[in-house]
Amino acid sequence: MPAGTFLIYTRNIDLINIGDLLSASVKFALLTSSYTPDFDETSGHHLYSDISASEIANGNGYTTGGAALANKAKNAITNGFNFDSDDVVWTASGGNIPAWRTAAMYVAGTIWGKTNPLIGAFVGDATPADIPATTTENNLTLVAPAAGWFDKS
């Protein structure tokens, strides 16, 4: 996964500096189908607090706030850079990791004058439909796209 296109939260698009993300704690949080993404540039979502009420339940291998990206990289491309990382993996233990629909990337902490700013999100299933619960002892993996999570000029 991702099945859907990674979209940038446009209220933060002018602030995003990929170089800054390399030393920041960047995470993916998983959200239920109750979340409706809002990418509007003037009134849309821009902070983790805008989405946290729709995050899947803590436990069974998932921790509230999501998982941090490892081995983040900034790669030169034509007319800019892309942001990449290792795949993000959760392992279900002691029960199922609940079904989810949207994965949202954000910075955990203060950066660009904002606390926990959102970067972007994608829908896990192109339908869109919920990604089923991940059963005990199985991995839930967000696969980093070959071209990175997103580009920025």
# chains A, B, ... in the order shown; residues from 1 in each chain; ligands from 1

$ residues_around --residues "range 95-104 of chain A" --least-positions-apart "4" --cutoff "7 Å" --atoms "only C-alpha atoms" --output "list in words"
Phe28, Ala29, Leu30, Leu31, Thr32, Ser33, Ile56, Asn60, Gly61, Tyr62, Gly120, Ala121, Phe122, Val123, Gly124, Ala129, Asp130, Ile131, Pro132, Ala133, Thr134, Thr135 and Thr136 of chain A

$ select_by_dssp --residues "chain A" --states "strand (DSSP E)" --output "PyMOL selection string"
chain A and resi 7-8+26-31+67-68+73-77+80-84+88-91+102-107+110-111+114-115+118-123+139-142+150-152

$ atom_distance --atom1 "CA of Ile13 in chain A" --atom2 "CA of Asn116 in chain A"
14.2 Å

$ atom_distance --atom1 "CA of Thr5 in chain A" --atom2 "CA of Ala126 in chain A"
8.6 Å

$ closest_residue --among "A:Ala92, A:Ala53, A:Ala146, A:Ala68" --to "Leu21 in chain A" --atoms "only C-alpha atoms"
A:Ala68

$ atom_distance --atom1 "CA of Pro37 in chain A" --atom2 "CA of Leu7 in chain A"
9.8 Å

$ closest_residue --among "A:Thr141, A:Ser34, A:Thr42, A:Ala73" --to "Glu55 in chain A" --atoms "only C-alpha atoms"
A:Ser34

$ closest_residue --among "A:Ile111, A:Asn82, A:Ile8, A:Gly66" --to "Asp40 in chain A" --atoms "only C-alpha atoms"
A:Ile8

$ residues_around --residues "Ser49 in chain A" --least-positions-apart "2" --cutoff "10 Å" --atoms "only C-alpha atoms" --output "list in words"
His45, His46, Leu47, Ile51, Ser52, Ala53, Ser54, Thr115, Asn116, Pro117 and Leu118 of chain A

$ select_by_dssp --residues "chain A" --states "helix (DSSP H, G or I)" --output "list in words"
Ile18, Gly19, Asp20, Leu21, Tyr48, Ser49, Asp50, Ser52, Ala53 and Ser54 of chain A
